[in-house]
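Text of model_26.csv (CSV, C-alpha atoms and all ligand atoms) as supplied:
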chain,number,residue,atom,x,y,z
A,1,MET,CA,-15.7,-13.4,-17.3
A,2,ARG,CA,-12.3,-11.8,-16.8
A,3,ALA,CA,-12.2,-10.8,-13.2
A,4,LEU,CA,-9.7,-9.0,-11.0
A,5,VAL,CA,-9.9,-9.3,-7.2
A,6,LEU,CA,-8.2,-6.5,-5.2
A,7,GLY,CA,-7.5,-7.1,-1.5
A,8,ALA,CA,-6.9,-10.8,-2.4
A,9,GLY,CA,-5.1,-11.5,0.9
A,10,GLY,CA,-8.1,-10.6,3.1
A,11,GLN,CA,-11.0,-12.8,4.3
A,12,VAL,CA,-13.3,-11.9,1.5
A,13,GLY,CA,-10.5,-11.7,-1.1
A,14,ARG,CA,-9.4,-15.2,-0.3
A,15,ALA,CA,-12.9,-16.6,-0.6
A,16,LEU,CA,-13.3,-14.8,-3.9
A,17,THR,CA,-10.1,-16.1,-5.5
A,18,ALA,CA,-11.2,-19.6,-4.4
A,19,ALA,CA,-14.6,-19.1,-6.0
A,20,LEU,CA,-13.2,-17.6,-9.1
A,21,PRO,CA,-10.1,-19.8,-9.9
A,22,ASP,CA,-9.6,-18.0,-13.3
A,23,ALA,CA,-9.6,-14.5,-11.7
A,24,VAL,CA,-6.4,-12.5,-11.1
A,25,GLY,CA,-6.0,-11.8,-7.4
A,26,LEU,CA,-3.8,-8.9,-6.2
A,27,THR,CA,-2.8,-8.5,-2.6
A,28,ARG,CA,-2.1,-5.2,-0.9
A,29,ALA,CA,1.6,-5.7,-1.6
A,30,GLN,CA,0.8,-6.0,-5.3
A,31,CYS,CA,-1.8,-3.3,-5.6
A,32,ASP,CA,-2.6,-0.4,-3.3
A,33,ILE,CA,-6.2,0.5,-4.1
A,34,ALA,CA,-5.6,4.2,-3.2
A,35,ASP,CA,-3.0,4.3,-6.0
A,36,PRO,CA,-4.0,1.5,-8.4
A,37,THR,CA,-1.5,2.3,-11.1
A,38,GLY,CA,-0.1,-0.7,-13.0
A,39,VAL,CA,-3.5,-2.4,-13.4
A,40,ASP,CA,-4.4,-3.2,-17.0
A,41,TRP,CA,-8.1,-2.2,-16.8
A,42,ALA,CA,-8.7,-3.3,-20.4
A,43,ALA,CA,-7.9,-6.9,-19.4
A,44,PHE,CA,-10.9,-7.2,-17.1
A,45,ASP,CA,-14.7,-7.1,-17.3
A,46,VAL,CA,-15.2,-7.1,-13.6
A,47,VAL,CA,-13.1,-5.7,-10.8
A,48,VAL,CA,-14.0,-6.8,-7.2
A,49,ASN,CA,-12.6,-4.6,-4.5
A,50,ALA,CA,-12.3,-6.7,-1.3
A,51,ALA,CA,-9.6,-4.4,0.1
A,52,ALA,CA,-10.3,-2.1,3.0
A,53,TYR,CA,-8.8,-0.7,6.2
A,54,THR,CA,-10.9,-2.8,8.7
A,55,LYS,CA,-9.4,-1.9,12.1
A,56,VAL,CA,-12.4,-0.3,13.6
A,57,ASP,CA,-10.9,0.9,16.8
A,58,ALA,CA,-7.5,1.9,15.4
A,59,ALA,CA,-9.4,4.1,12.9
A,60,GLU,CA,-10.3,6.4,15.8
A,61,THR,CA,-6.6,7.3,16.2
A,62,PRO,CA,-5.0,10.2,14.3
A,63,GLN,CA,-2.9,7.9,12.0
A,64,GLY,CA,-5.8,5.4,11.8
A,65,ARG,CA,-8.2,8.1,10.5
A,66,VAL,CA,-5.7,9.0,7.8
A,67,ASP,CA,-5.2,5.3,6.8
A,68,ALA,CA,-8.9,4.5,6.9
A,69,TRP,CA,-9.9,7.4,4.7
A,70,ARG,CA,-7.1,6.8,2.3
A,71,ALA,CA,-8.1,3.1,1.8
A,72,ASN,CA,-11.8,3.2,2.3
A,73,ALA,CA,-12.7,6.5,0.6
A,74,GLY,CA,-9.7,7.3,-1.6
A,75,GLY,CA,-9.4,3.7,-2.8
A,76,PRO,CA,-13.0,3.2,-4.0
A,77,ALA,CA,-13.0,6.7,-5.6
A,78,ALA,CA,-9.8,5.9,-7.6
A,79,LEU,CA,-11.3,2.5,-8.6
A,80,ALA,CA,-14.7,4.0,-9.6
A,81,ALA,CA,-13.0,6.6,-11.8
A,82,ARG,CA,-11.1,3.9,-13.7
A,83,ALA,CA,-14.0,1.6,-13.9
A,84,ARG,CA,-16.2,4.3,-15.5
A,85,GLU,CA,-13.4,5.2,-17.9
A,86,HIS,CA,-13.0,1.6,-19.1
A,87,GLY,CA,-16.7,0.4,-18.9
A,88,THR,CA,-15.7,-2.1,-16.2
A,89,THR,CA,-18.2,-3.5,-13.7
A,90,LEU,CA,-17.0,-2.6,-10.2
A,91,VAL,CA,-18.1,-4.7,-7.2
A,92,HIS,CA,-17.3,-3.1,-3.8
A,93,LEU,CA,-17.9,-4.2,-0.2
A,94,SER,CA,-19.6,-1.9,2.2
A,95,SER,CA,-20.2,-2.3,5.9
A,96,GLU,CA,-23.1,-2.1,8.4
A,97,TYR,CA,-21.0,0.5,10.2
A,98,VAL,CA,-22.3,3.1,7.7
A,99,PHE,CA,-25.5,2.9,9.8
A,100,ASP,CA,-26.0,4.1,13.4
A,101,GLY,CA,-27.9,1.0,14.4
A,102,SER,CA,-31.0,2.9,15.5
A,103,HIS,CA,-33.3,1.5,12.8
A,104,ASP,CA,-36.2,-0.6,14.1
A,105,GLY,CA,-36.1,-4.0,12.5
A,106,PRO,CA,-34.0,-5.3,9.5
A,107,ILE,CA,-32.3,-2.4,7.8
A,108,PRO,CA,-33.1,-1.9,4.1
A,109,GLU,CA,-30.7,-0.7,1.5
A,110,SER,CA,-32.7,2.6,1.4
A,111,ALA,CA,-32.0,3.4,5.0
A,112,PRO,CA,-30.1,6.7,5.6
A,113,VAL,CA,-26.5,6.3,6.4
A,114,ALA,CA,-25.3,7.9,9.7
A,115,PRO,CA,-21.9,6.4,10.7
A,116,LEU,CA,-21.0,6.6,14.3
A,117,GLY,CA,-17.2,6.4,14.0
A,118,ALA,CA,-14.2,7.1,11.7
A,119,TYR,CA,-14.3,3.6,10.1
A,120,GLY,CA,-18.0,3.8,9.3
A,121,ALA,CA,-17.6,7.4,8.0
A,122,SER,CA,-14.7,6.3,5.7
A,123,LYS,CA,-16.7,3.3,4.4
A,124,ALA,CA,-19.8,5.6,3.8
A,125,ALA,CA,-17.6,8.0,1.8
A,126,GLY,CA,-16.4,5.0,-0.3
A,127,ASP,CA,-20.0,3.9,-0.9
A,128,VAL,CA,-20.8,7.4,-2.2
A,129,ALA,CA,-17.8,7.4,-4.4
A,130,VAL,CA,-18.8,4.1,-6.0
A,131,VAL,CA,-22.5,4.8,-6.3
A,132,ALA,CA,-21.9,8.3,-7.8
A,133,GLY,CA,-18.8,7.3,-9.7
A,134,VAL,CA,-19.8,4.3,-11.9
A,135,ASP,CA,-23.2,3.2,-13.0
A,136,ARG,CA,-22.0,-0.4,-13.5
A,137,HIS,CA,-21.6,-1.2,-9.8
A,138,TYR,CA,-22.7,-3.7,-7.2
A,139,LEU,CA,-22.3,-2.4,-3.7
A,140,VAL,CA,-22.5,-5.5,-1.4
A,141,ARG,CA,-23.0,-4.8,2.3
A,142,PRO,CA,-22.3,-7.6,4.7
A,143,THR,CA,-22.0,-7.7,8.5
A,144,TRP,CA,-19.7,-9.6,11.0
A,145,VAL,CA,-17.6,-11.3,8.4
A,146,VAL,CA,-16.2,-14.7,9.2
A,147,GLY,CA,-13.6,-16.2,6.8
A,148,ASP,CA,-10.0,-17.1,6.6
A,149,GLY,CA,-8.4,-14.4,8.7
A,150,THR,CA,-8.9,-12.5,11.9
A,151,ASN,CA,-12.5,-12.5,13.1
A,152,PHE,CA,-14.7,-12.8,16.2
A,153,VAL,CA,-15.4,-16.6,15.8
A,154,ARG,CA,-11.7,-17.3,15.5
A,155,THR,CA,-11.0,-15.2,18.6
A,156,MET,CA,-13.7,-17.1,20.5
A,157,LEU,CA,-12.2,-20.4,19.4
A,158,GLY,CA,-8.8,-19.3,20.7
A,159,LEU,CA,-10.3,-18.3,24.0
A,160,ALA,CA,-12.3,-21.5,24.3
A,161,GLY,CA,-9.2,-23.6,23.6
A,162,ARG,CA,-7.4,-21.8,26.5
A,163,GLY,CA,-10.3,-22.4,28.8
A,164,ILE,CA,-11.1,-18.7,29.2
A,165,GLU,CA,-14.7,-17.7,30.2
A,166,PRO,CA,-15.3,-14.4,28.3
A,167,THR,CA,-17.6,-11.5,28.8
A,168,VAL,CA,-19.2,-10.6,25.5
A,169,VAL,CA,-21.7,-7.8,24.5
A,170,ALA,CA,-25.3,-9.0,24.4
A,171,ASP,CA,-27.0,-5.9,23.1
A,172,GLN,CA,-25.5,-5.7,19.6
A,173,VAL,CA,-27.6,-7.9,17.3
A,174,GLY,CA,-26.9,-9.1,13.8
A,175,ARG,CA,-26.1,-12.1,11.8
A,176,PRO,CA,-22.6,-13.4,10.9
A,177,THR,CA,-21.8,-13.4,7.2
A,178,PHE,CA,-19.4,-16.1,6.0
A,179,ALA,CA,-16.9,-15.0,3.4
A,180,VAL,CA,-17.7,-18.1,1.3
A,181,ASP,CA,-21.3,-16.8,0.9
A,182,ILE,CA,-20.2,-13.3,0.1
A,183,ALA,CA,-18.1,-14.7,-2.7
A,184,ALA,CA,-20.9,-16.9,-4.0
A,185,ALA,CA,-23.3,-14.0,-3.9
A,186,ILE,CA,-21.0,-11.8,-5.9
A,187,VAL,CA,-20.5,-14.4,-8.5
A,188,HIS,CA,-24.2,-14.9,-8.7
A,189,LEU,CA,-24.9,-11.1,-9.1
A,190,VAL,CA,-22.3,-10.7,-11.8
A,191,THR,CA,-23.0,-13.8,-13.8
A,192,THR,CA,-26.8,-13.5,-13.8
A,193,GLY,CA,-26.7,-9.9,-14.8
A,194,ALA,CA,-28.7,-8.7,-11.8
A,195,ALA,CA,-29.6,-5.1,-11.7
A,196,PHE,CA,-26.8,-2.8,-10.6
A,197,GLY,CA,-27.0,-1.2,-7.2
A,198,THR,CA,-26.7,-1.9,-3.5
A,199,TYR,CA,-27.5,-5.3,-1.9
A,200,HIS,CA,-27.5,-6.2,1.7
A,201,LEU,CA,-26.1,-9.7,2.4
A,202,THR,CA,-25.7,-11.6,5.6
A,203,GLY,CA,-26.1,-15.1,6.8
A,204,GLY,CA,-29.7,-16.2,7.0
A,205,GLY,CA,-31.7,-17.5,10.0
A,206,GLU,CA,-32.6,-15.8,13.2
A,207,PRO,CA,-30.5,-12.7,14.3
A,208,ALA,CA,-28.4,-13.1,17.5
A,209,SER,CA,-26.2,-11.1,19.8
A,210,TRP,CA,-22.4,-11.4,19.9
A,211,ALA,CA,-22.8,-13.2,23.2
A,212,ASP,CA,-25.2,-15.7,21.5
A,213,VAL,CA,-22.6,-16.3,18.7
A,214,ALA,CA,-19.9,-16.8,21.3
A,215,ARG,CA,-22.0,-19.3,23.2
A,216,GLU,CA,-22.8,-21.2,20.0
A,217,THR,CA,-19.1,-21.2,19.1
A,218,TYR,CA,-18.1,-22.5,22.5
A,219,ALA,CA,-20.8,-25.3,22.3
A,220,LEU,CA,-19.7,-26.3,18.8
A,221,ALA,CA,-16.0,-26.4,20.0
A,222,GLY,CA,-17.1,-28.8,22.8
A,223,ARG,CA,-16.6,-26.2,25.6
A,224,SER,CA,-20.2,-25.5,26.7
A,225,GLU,CA,-19.1,-26.1,30.3
A,226,LEU,CA,-17.3,-22.7,30.1
A,227,ARG,CA,-19.5,-19.7,30.9
A,228,VAL,CA,-20.0,-16.8,28.4
A,229,THR,CA,-21.2,-13.8,30.3
A,230,GLY,CA,-23.3,-11.3,28.5
A,231,THR,CA,-22.8,-7.6,29.1
A,232,SER,CA,-24.0,-4.3,27.6
A,233,THR,CA,-21.9,-2.4,25.0
A,234,ALA,CA,-21.8,0.6,27.3
A,235,GLU,CA,-20.4,-1.5,30.2
A,236,TYR,CA,-18.0,-3.5,28.0
A,237,PHE,CA,-16.4,-0.3,26.5
A,238,ALA,CA,-16.6,1.8,29.7
A,239,ASP,CA,-12.9,1.2,30.4
A,240,LYS,CA,-11.8,1.4,26.7
A,241,PRO,CA,-12.1,5.1,26.0
A,242,GLY,CA,-10.5,4.9,22.5
A,243,ALA,CA,-12.9,2.3,21.2
A,244,ALA,CA,-15.1,3.1,18.2
A,245,PRO,CA,-18.8,3.4,18.8
A,246,ARG,CA,-20.7,0.4,17.6
A,247,PRO,CA,-24.2,0.2,16.0
A,248,LEU,CA,-26.5,-1.9,18.2
A,249,ASN,CA,-28.8,-3.1,15.4
A,250,SER,CA,-26.8,-4.7,12.6
A,251,VAL,CA,-29.6,-6.8,11.2
A,252,LEU,CA,-29.8,-6.2,7.5
A,253,ASP,CA,-32.9,-6.8,5.3
A,254,LEU,CA,-32.2,-9.5,2.8
A,255,GLY,CA,-35.2,-9.1,0.6
A,256,ARG,CA,-33.5,-7.4,-2.3
A,257,ILE,CA,-30.6,-9.9,-2.7
A,258,GLU,CA,-33.0,-12.9,-2.2
A,259,ALA,CA,-35.2,-11.5,-4.9
A,260,ALA,CA,-32.1,-11.5,-7.1
A,261,GLY,CA,-31.9,-15.2,-6.5
A,262,VAL,CA,-29.3,-15.4,-3.8
A,263,VAL,CA,-30.0,-17.9,-1.0
A,264,ALA,CA,-28.5,-16.8,2.4
A,265,PRO,CA,-27.6,-20.0,4.2
A,266,ASP,CA,-28.4,-20.1,7.9
A,267,TRP,CA,-25.5,-18.6,9.8
A,268,ARG,CA,-25.8,-21.3,12.5
A,269,ARG,CA,-25.2,-24.0,9.9
A,270,ARG,CA,-22.3,-22.1,8.4
A,271,LEU,CA,-20.8,-21.6,11.9
A,272,ALA,CA,-21.0,-25.4,12.6
A,273,GLU,CA,-19.2,-26.1,9.3
A,274,TYR,CA,-16.6,-23.4,10.1
A,275,VAL,CA,-15.9,-24.7,13.6
A,276,SER,CA,-15.6,-28.3,12.4
A,277,ALA,CA,-13.1,-27.2,9.7
A,278,SER,CA,-11.0,-25.1,12.1
A,301,LIG,N1,-14.6,-7.9,8.8
A,301,LIG,C1,-15.9,-7.6,9.0
A,301,LIG,O1,-16.4,-8.0,10.0
A,301,LIG,C2,-16.6,-6.8,8.0
A,301,LIG,C3,-18.0,-6.5,8.3
A,301,LIG,C4,-18.7,-5.7,7.3
A,301,LIG,C5,-18.1,-5.3,6.1
A,301,LIG,N2,-16.8,-5.6,5.9
A,301,LIG,C6,-16.2,-5.2,4.7
A,301,LIG,O2,-15.9,-6.3,3.9
A,301,LIG,C7,-14.7,-6.1,3.1
A,301,LIG,C8,-13.7,-7.3,3.3
A,301,LIG,O3,-13.4,-7.3,4.7
A,301,LIG,P1,-12.5,-8.5,5.2
A,301,LIG,O4,-13.1,-9.0,6.5
A,301,LIG,O5,-12.2,-9.4,4.1
A,301,LIG,O6,-11.2,-7.6,5.6
A,301,LIG,P2,-9.7,-8.1,5.9
A,301,LIG,O7,-9.6,-9.5,6.2
A,301,LIG,O8,-9.2,-7.1,6.9
A,301,LIG,O9,-9.0,-7.8,4.5
A,301,LIG,C9,-8.8,-6.5,3.9
A,301,LIG,C10,-7.6,-6.6,3.0
A,301,LIG,O10,-7.4,-5.3,2.4
A,301,LIG,C11,-6.0,-5.1,2.5
A,301,LIG,N3,-5.8,-3.6,2.4
A,301,LIG,C12,-5.8,-2.7,3.3
A,301,LIG,N4,-5.6,-1.5,2.8
A,301,LIG,C13,-5.3,-1.7,1.5
A,301,LIG,C14,-5.0,-0.8,0.4
A,301,LIG,N5,-4.8,0.5,0.5
A,301,LIG,N6,-4.8,-1.4,-0.8
A,301,LIG,C15,-4.9,-2.7,-1.0
A,301,LIG,N7,-5.3,-3.6,0.0
A,301,LIG,C16,-5.5,-3.0,1.2
A,301,LIG,C17,-5.6,-5.6,3.8
A,301,LIG,O11,-4.2,-5.8,3.9
A,301,LIG,P3,-3.4,-5.7,5.3
A,301,LIG,O12,-3.9,-6.9,6.1
A,301,LIG,O13,-2.0,-5.8,4.9
A,301,LIG,O14,-3.8,-4.4,5.9
A,301,LIG,C18,-6.3,-7.0,3.8
A,301,LIG,O15,-5.6,-8.0,3.1
A,301,LIG,C19,-14.2,-4.7,3.5
A,301,LIG,O16,-14.7,-3.8,2.6
A,301,LIG,C20,-14.8,-4.5,4.9
A,301,LIG,O17,-15.0,-3.1,5.1
A,301,LIG,C21,-16.0,-6.4,6.8
Would you put the structure from the file into structure tokens?
Amino acid sequence: MRALVLGAGGQVGRALTAALPDAVGLTRAQCDIADPTGVDWAAFDVVVNAAAYTKVDAAETPQGRVDAWRANAGGPAALAARAREHGTTLVHLSSEYVFDGSHDGPIPESAPVAPLGAYGASKAAGDVAVVAGVDRHYLVRPTWVVGDGTNFVRTMLGLAGRGIEPTVVADQVGRPTFAVDIAAAIVHLVTTGAAFGTYHLTGGGEPASWADVARETYALAGRSELRVTGTSTAEYFADKPGAAPRPLNSVLDLGRIEAAGVVAPDWRRRLAEYVSAS
């Protein structure tokens, strides 16, 4: 398989280039997905787009909206057009922020999108561009990504190391998705010839709140004597007027990707491995 990974400097991009050592990886400095000129599409069977504008709160600012839409909607649209033209399979990463979080229970791929903020709206537009633009697509939708880069777990490890007792939202529920598992799932879908379409993918195991993930991280880091105080999303963001609205339910249904043969490792096991490697 001749594969190209775009956004190779991000969390998922790094995991993908590790999982696909023969792939070509291009960072943002090497390829801007909103203007992907210079890529020899004939040289690749599969293009994986791991690039995105991921600053959820900054996306609510005037410049952030421009940047988010350019990367998250314009980027996938440009890639889909080229993939269709060249008969290339396009793998694209979506986000749970395309949903409003009001769904009762694990959210299936068929749930209606209803983004609450600018980041979610730009991601939803990118999803439409990919789904409508190229038949040969895998749209993989994770939540709460943890990999080599900036993420919630790394933030908590930093706070724990400094002896800080954080207040963390306890009414947003989901499951962390480790970048290594996203990469493995993408390789599985592409190499097994799974049906094209949209697949939800998160860690396995019982869903938890951000506060639960923080407590587990503190315990694994040997700092369980420090208190993690739970709060509501409304209270936490009451004094942060520019913050993006967050979906409360981020639990995704894994039935479709499991039926395709992907095993979602328990996020708690992955968290333990991640903390011990940090
Ligand atoms: N992080 C999460 O919790 C989360 C949750 C659900 C879904 N997702 C989705 O999963 C995918 C991967 O996320 P991630 O956590 O790996 O994000 P990440 O670590 O922020 O990596 C994204 C990468 O894309 C690059 N980039 C931004 N704009 C670009 C452009 N116009 N052209 C090329 N590259 C560009 C970024 O470069 P700079 O750093 O220089 O900007 C960064 O290296 C994204 O589609 C994201 O929406 C993420």
*Provide the CA of Val275 (chain A) to CA of Arg154 (chain A) distance in Å, to one decimal place.*
8.7 Å
*Counting only C-alpha atoms and all ligand atoms, what residues are within 9 Å of ligand LIG 301 (chain A), given as number ranges by chain?*
A: 6-15, 26-36, 49-55, 67-68, 70-72, 74-75, 92-97, 119-120, 123, 140-152, 176-177, 179
*Please work out which residues fall within 9 Å of (-13.6, 6.0, 15.6), coordinates as given in the file, with all atoms listed in the file counting, and return them as a PyMOL selection string.*
chain A and resi 56-61+64-65+116-121+242-245
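The residue that comes closest to Leu252 (chain A), out of A:Ala19, A:Ala185, A:Leu201, A:Leu79 and on the basis of all atoms listed in the file, is A:Leu201.
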*What is the CA of Ser102 (chain A) to CA of Leu248 (chain A) distance in Å?*
7.1 Å
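Distance-wise, CA of Arg84 (chain A) and CA of Val187 (chain A) end up 20.4 Å apart.
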_Excluding region 104-106 of chain A and its own-chain neighbours fewer than 2 positions away, which residues fall within 9 Å of it when counting all atoms listed in the file? Please give them as a list of chain:residue names._
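Listing them by chain and then by number gives A:Gly101, A:Ser102, A:Pro108, A:Asn249, A:Ser250, A:Val251, A:Leu252, A:Asp253, A:Leu254.
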_Counting all atoms listed in the file, I want the residues whose atoms come within 8 Å of (-18.5, -10.1, 28.6) in the file frame, returned as an MDAnalysis selection string._
chainID A and resid 166:169 211 228:231 236
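Proximity ranking of A:Ile182, A:Ala125, A:Ala214, A:Ala3 relative to Ala264 (chain A) places A:Ile182 first, based on only C-alpha atoms.
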Could you give me region 62-81 of chain A completed to N, CA and C atoms, formatted as a short mmCIF file (atom, residue, chain, number, x, y, z; two decimals), in the frame of the given file?
data_model
loop_
_atom_site.label_atom_id
_atom_site.label_comp_id
_atom_site.auth_asym_id
_atom_site.auth_seq_id
_atom_site.Cartn_x
_atom_site.Cartn_y
_atom_site.Cartn_z
N PRO A 62 -5.37 9.28 15.37
CA PRO A 62 -5.00 10.20 14.30
C PRO A 62 -4.46 9.53 13.05
N GLN A 63 -3.50 8.60 13.22
CA GLN A 63 -2.90 7.90 12.00
C GLN A 63 -3.96 6.97 11.43
N GLY A 64 -4.75 6.32 12.30
CA GLY A 64 -5.80 5.40 11.80
C GLY A 64 -6.81 6.10 10.93
N ARG A 65 -7.19 7.31 11.32
CA ARG A 65 -8.20 8.10 10.50
C ARG A 65 -7.58 8.33 9.11
N VAL A 66 -6.31 8.72 9.09
CA VAL A 66 -5.70 9.00 7.80
C VAL A 66 -5.67 7.71 6.94
N ASP A 67 -5.26 6.60 7.55
CA ASP A 67 -5.20 5.30 6.80
C ASP A 67 -6.54 4.83 6.37
N ALA A 68 -7.52 4.96 7.25
CA ALA A 68 -8.90 4.50 6.90
C ALA A 68 -9.45 5.30 5.76
N TRP A 69 -9.31 6.61 5.83
CA TRP A 69 -9.90 7.40 4.70
C TRP A 69 -9.13 7.21 3.43
N ARG A 70 -7.83 7.00 3.53
CA ARG A 70 -7.10 6.80 2.30
C ARG A 70 -7.56 5.50 1.60
N ALA A 71 -7.67 4.41 2.38
CA ALA A 71 -8.10 3.10 1.80
C ALA A 71 -9.56 3.06 1.48
N ASN A 72 -10.37 3.50 2.43
CA ASN A 72 -11.80 3.20 2.30
C ASN A 72 -12.58 4.28 1.55
N ALA A 73 -12.04 5.48 1.44
CA ALA A 73 -12.70 6.50 0.60
C ALA A 73 -11.88 6.77 -0.64
N GLY A 74 -10.57 7.04 -0.46
CA GLY A 74 -9.70 7.30 -1.60
C GLY A 74 -9.63 6.10 -2.56
N GLY A 75 -9.55 4.91 -1.98
CA GLY A 75 -9.40 3.70 -2.80
C GLY A 75 -10.64 3.51 -3.71
N PRO A 76 -11.84 3.40 -3.17
CA PRO A 76 -13.00 3.20 -4.00
C PRO A 76 -13.19 4.37 -5.04
N ALA A 77 -12.83 5.60 -4.64
CA ALA A 77 -13.00 6.70 -5.60
C ALA A 77 -12.03 6.52 -6.78
N ALA A 78 -10.80 6.09 -6.50
CA ALA A 78 -9.80 5.90 -7.60
C ALA A 78 -10.32 4.71 -8.48
N LEU A 79 -10.84 3.66 -7.87
CA LEU A 79 -11.30 2.50 -8.60
C LEU A 79 -12.54 2.87 -9.48
N ALA A 80 -13.45 3.65 -8.89
CA ALA A 80 -14.70 4.00 -9.60
C ALA A 80 -14.34 4.86 -10.84
N ALA A 81 -13.39 5.75 -10.70
CA ALA A 81 -13.00 6.60 -11.80
C ALA A 81 -12.47 5.77 -12.98
#
